[in-house]
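S.K.: Sharing a structure, written as structure tokens. Questions coming.
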Amino acid sequence: MSQISGAIHTDFELEQYLLELYHEVNSLVYADEDGTSKENKFTEYVMELLAEAGETESIRLCPYVKENKLENIQYKINGYGIEEGYETLHIFITHFQDTNQLYRVSKPDFDKLVKWPAGFLNAAFKGHLEDIEPSTEAYGLARLIKDNYKEIDRVNVFILSNGNIPHDPPKNFSLKGLDDTTFIYHVWDAERLHRLSQSRYNREPIEIDFRETLGEVIPCLAMPSENDLYECYLAIVPGSILSTLYRNYGTRLLESNVRAFLQQTGKINRGIRDTIREEPYMFLPYNNGLATTAQEVKMEKLEDGQLVITGVKDFQIVNGGQTTASLFHTEKKFKADLSQVFVQMKLTVIKDEDKKNETVPFISRYANSQNKVSELDLTSNNPFLQRLEELSRTTYAIDPEDSNKQTIWFLERVKGQYKEALNKEPTKGKQDAFKLKFPRSQVIIKSEIAKYMNIWHQQPFHVAKGAQKNYNQFLKDVEKDFKKKKPGRVYWQDIVANAILFQATDKLFGRKNQDPIGDTNIKSHTVAYTLSYLHFLTGNRLNLEMIWDTQVIPEDLQVELKKGLKYVYDFLNSLDVALISEAAKAEKTWKALTGRTGHPMNMEVIRKYLITDAEFKTRYDSDSTDTEEVQKYNNLQKITSLGIRFWDGLYSYNLNSEILSKYQETNVSMIRKTLKESGTMTDRLIQKGAEIVDLITEKDIDIEKIKALSKLDDKELIDPSVLYNRLSRLTDDDWKRILDLGEQTNTLSFNEISVLKTVIQKLKRQENIDLKRLQATQTAIDKLKKFGVKV
């Protein structure tokens, strides 16, 4: 391969990206104790980026080189990925040089990158396995291809490089004798990887030029009126076009679809298949058609005035995925003639990108309205409450009795949720661990949230009306507050802080027959009015962050709260009313309390616990909403907590029971390998692994029985969710102090500093962090404990 031929002029951002990429690969090699090559680590890293971006899935590093007698490379691959059902195979080939400078890949080198994986694929598809070394993982891949070649419709060959590749990949590539298999080459060089990093690893949108790639345009009708949110077009699309699109893009077309393709076994799909084969001319009136979306659409008006679609960007089928896949599979399997098949299509172009994620699910939902949608317990299914539930499962709090431990406050959005989640844990040990992570005392029901927050908003008169009415009022208010945004993590922390404050104040009032402040029949009103009065006196500047961080109410503040309880209790009893409970429901009672002067609370003590304006701005302007990232680490913990022996034993267990599909079996094998090596799991693998754990739990299979099948020694695995949350709590100043101490005291090596810098960047960007580097970071920080560093 060519050597570095001199720097190419690049912009600063690309140069900075290449430097980061250089350190990324070096830190990965350092963290791997097996001495793997930089090319392998680069390949693995880029495969993970592409998996996160939705370009591939179920990836696996698989370096293999076969030389001929003249010691020239005959075959080479670096990795692979295979999708569920074996419909799509991904092969990766890498060109890597150990440099932080941009270099150019020559045309001869590029031609080899095209040729080498093609040779491997040709041997695998045609069963020439004697040409592949049997002891290698590549042989297992070749065997998998040979055994399932009839299911593989398309092969994506990814050419990866940290250099610049200015050459176009081959089009219409084919292998002799494999006419039914589509081969597509994709080039991912340094500049394209840089663009991907700039887009925060969103998947690359599908762009289709109908005239250039398919030789056709699509006649359409435009919506007669315009608006700022969307454009809409109606068209009749030839079935052959949809089949060709699915052949080339597969399930990437269906990423916004709520359903997976269920193969041609259900009634709907069999009906589609039979209509295509027996009455193709009736397909249009029989089929409901497609609901599709795009980011942009290219239009032309022909000489006869007909409006046509010539191209689309970010094309997605949100309803009609089964129709599209069935057209392709029926054409392929039965050699069906699609010339008489036409499908109606509604194409919606969302103009406002920020509205896309909000609008597309509704298009999908209403397009699927032929299916019965449960509307039971509508308040439980309120998006606001679903968001709070998501936040509650991914926000860790410090255990006040042991700052090294973390717990979670559990929102019970639906009655009985906590008990159901606890009962799903397969063993008593797992149930005990669940209760430590989610203490029963930290369960919050939805009506309690309404109580805590309406007290915070100085509306104790609503709280006094009872749980249901107060809850309804609260929902009305939050629908206004969160009409254009989602509640963030700080909002959930504030709910918990108010819960801690309420529970402590409620306890201060006392219980019946245990020396209470007064009549416990008006205890709830007294507590609600007292806390709202405190918020009134402080202008809602009580430092909820302090309460969240410590999970306790300071003793001197409790002394003032008790004074406030006595003051409010006396006020309520001084009212000239028949029933205090009824008076508490009136806003005029609240106004009467706030109009008084001379309360007994010491404001000098209370002021110690108020938040400054600067602190207030910092806290609420930077409200974090990274629930997806934290949920990923929760799922990762679900996988790792079972241990290596479980995943090793599950692989053996499945050989006899066959409870898992081949695709799931591959994922089990990947998880087993990753845990052995303390490697990185992609988001997709984490998701699939968590689904496998849920499946085992649902089937009530004995975990210990599975572990007993393994001959491996179970080693202790860190809890990535806890460690991730500890590290994510560190501020920029904390990290700067850690790096300065590590470098200036020579406590940390250059490689350890490199790992820390990489982890800091990943935390900021909410990227994957492999278990080894999480652990290496903790180990490095532990070395600084003697300097007072604590995490």
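By convention in this document, the chains of the structure tokens carry letters A, B, ... by their order, each chain's residues are numbered from 1, and ligands are numbered from 1 in the order they are shown.
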Out of stretch 279-476 of chain A, which residues get strand (DSSP E or B) from DSSP, as JSON, numbers by chain?
M.R.: {"A": [290, 291, 292, 293, 294, 296, 297, 298, 299, 300, 301, 307, 308, 309, 310, 311, 312, 313, 316, 317, 318, 319, 342, 343, 344, 345, 346, 347, 348, 349, 350, 396, 397, 398, 399, 402, 403, 404, 405, 406, 407, 408, 410, 411, 412, 443, 444, 445]}
S.K.: Nearest to A:Glu130: which of A:Lys437, A:Lys591, A:His95, A:Lys66 is it, counting only C-alpha atoms?
M.R.: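 Result for the nearest residue to A:Glu130: A:Lys66.
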S.K.: Hey, can you check how far atom CA of A:His167 sits from atom CA of A:Glu24?
M.R.: 26.4 Å
S.K.: Stretch 115-128 of chain A: which residues within 6 Å, counting only C-alpha atoms, same-chain residues fewer than 5 positions away excluded, as a VMD selection string?
M.R.: chain A and resid 75 to 77 142 146
S.K.: Just all heavy atoms for this one: save the residues we selected as a PDB file, in the first residue's frame.
M.R.:
```
ATOM      1  N   TYR A  75      -7.441 -12.548  -0.798  1.00  0.00           N
ATOM      2  CA  TYR A  75      -8.670 -12.094  -0.154  1.00  0.00           C
ATOM      3  C   TYR A  75      -8.269 -11.247   1.048  1.00  0.00           C
ATOM      4  O   TYR A  75      -7.261 -11.491   1.694  1.00  0.00           O
ATOM      5  CB  TYR A  75      -9.525 -13.231   0.425  1.00  0.00           C
ATOM      6  CG  TYR A  75      -9.842 -14.388  -0.464  1.00  0.00           C
ATOM      7  CD1 TYR A  75     -10.038 -15.653   0.105  1.00  0.00           C
ATOM      8  CD2 TYR A  75      -9.996 -14.255  -1.842  1.00  0.00           C
ATOM      9  CE1 TYR A  75     -10.364 -16.748  -0.665  1.00  0.00           C
ATOM     10  CE2 TYR A  75     -10.319 -15.341  -2.621  1.00  0.00           C
ATOM     11  CZ  TYR A  75     -10.483 -16.594  -2.041  1.00  0.00           C
ATOM     12  OH  TYR A  75     -10.789 -17.664  -2.809  1.00  0.00           O
ATOM     13  N   LYS A  76      -9.154 -10.288   1.369  1.00  0.00           N
ATOM     14  CA  LYS A  76      -8.995  -9.584   2.642  1.00  0.00           C
ATOM     15  C   LYS A  76     -10.338  -9.013   3.063  1.00  0.00           C
ATOM     16  O   LYS A  76     -11.046  -8.431   2.243  1.00  0.00           O
ATOM     17  CB  LYS A  76      -7.967  -8.453   2.540  1.00  0.00           C
ATOM     18  CG  LYS A  76      -7.785  -7.704   3.878  1.00  0.00           C
ATOM     19  CD  LYS A  76      -6.829  -6.523   3.781  1.00  0.00           C
ATOM     20  CE  LYS A  76      -6.773  -5.800   5.123  1.00  0.00           C
ATOM     21  NZ  LYS A  76      -5.956  -4.573   5.099  1.00  0.00           N
ATOM     22  N   ILE A  77     -10.675  -9.195   4.339  1.00  0.00           N
ATOM     23  CA  ILE A  77     -11.800  -8.493   4.950  1.00  0.00           C
ATOM     24  C   ILE A  77     -11.377  -8.082   6.348  1.00  0.00           C
ATOM     25  O   ILE A  77     -10.430  -8.640   6.911  1.00  0.00           O
ATOM     26  CB  ILE A  77     -13.094  -9.346   5.011  1.00  0.00           C
ATOM     27  CG1 ILE A  77     -12.898 -10.581   5.893  1.00  0.00           C
ATOM     28  CG2 ILE A  77     -13.597  -9.706   3.634  1.00  0.00           C
ATOM     29  CD1 ILE A  77     -14.186 -11.305   6.212  1.00  0.00           C
ATOM     30  N   ALA A 142     -17.892 -17.435   6.370  1.00  0.00           N
ATOM     31  CA  ALA A 142     -18.086 -18.034   5.052  1.00  0.00           C
ATOM     32  C   ALA A 142     -19.095 -19.173   5.115  1.00  0.00           C
ATOM     33  O   ALA A 142     -19.925 -19.341   4.213  1.00  0.00           O
ATOM     34  CB  ALA A 142     -16.743 -18.531   4.509  1.00  0.00           C
ATOM     35  N   LYS A 146     -22.607 -19.480   3.151  1.00  0.00           N
ATOM     36  CA  LYS A 146     -22.915 -20.660   2.336  1.00  0.00           C
ATOM     37  C   LYS A 146     -24.248 -21.283   2.743  1.00  0.00           C
ATOM     38  O   LYS A 146     -25.066 -21.653   1.907  1.00  0.00           O
ATOM     39  CB  LYS A 146     -21.807 -21.698   2.472  1.00  0.00           C
ATOM     40  CG  LYS A 146     -22.068 -23.005   1.723  1.00  0.00           C
ATOM     41  CD  LYS A 146     -20.928 -23.985   1.931  1.00  0.00           C
ATOM     42  CE  LYS A 146     -21.225 -25.315   1.241  1.00  0.00           C
ATOM     43  NZ  LYS A 146     -22.370 -26.026   1.854  1.00  0.00           N
TER      44      LYS A 146
END
```
S.K.: In Å to one decimal, how far is atom CA of A:Gln778 from atom CA of A:Ile408?
M.R.: 21.7 Å
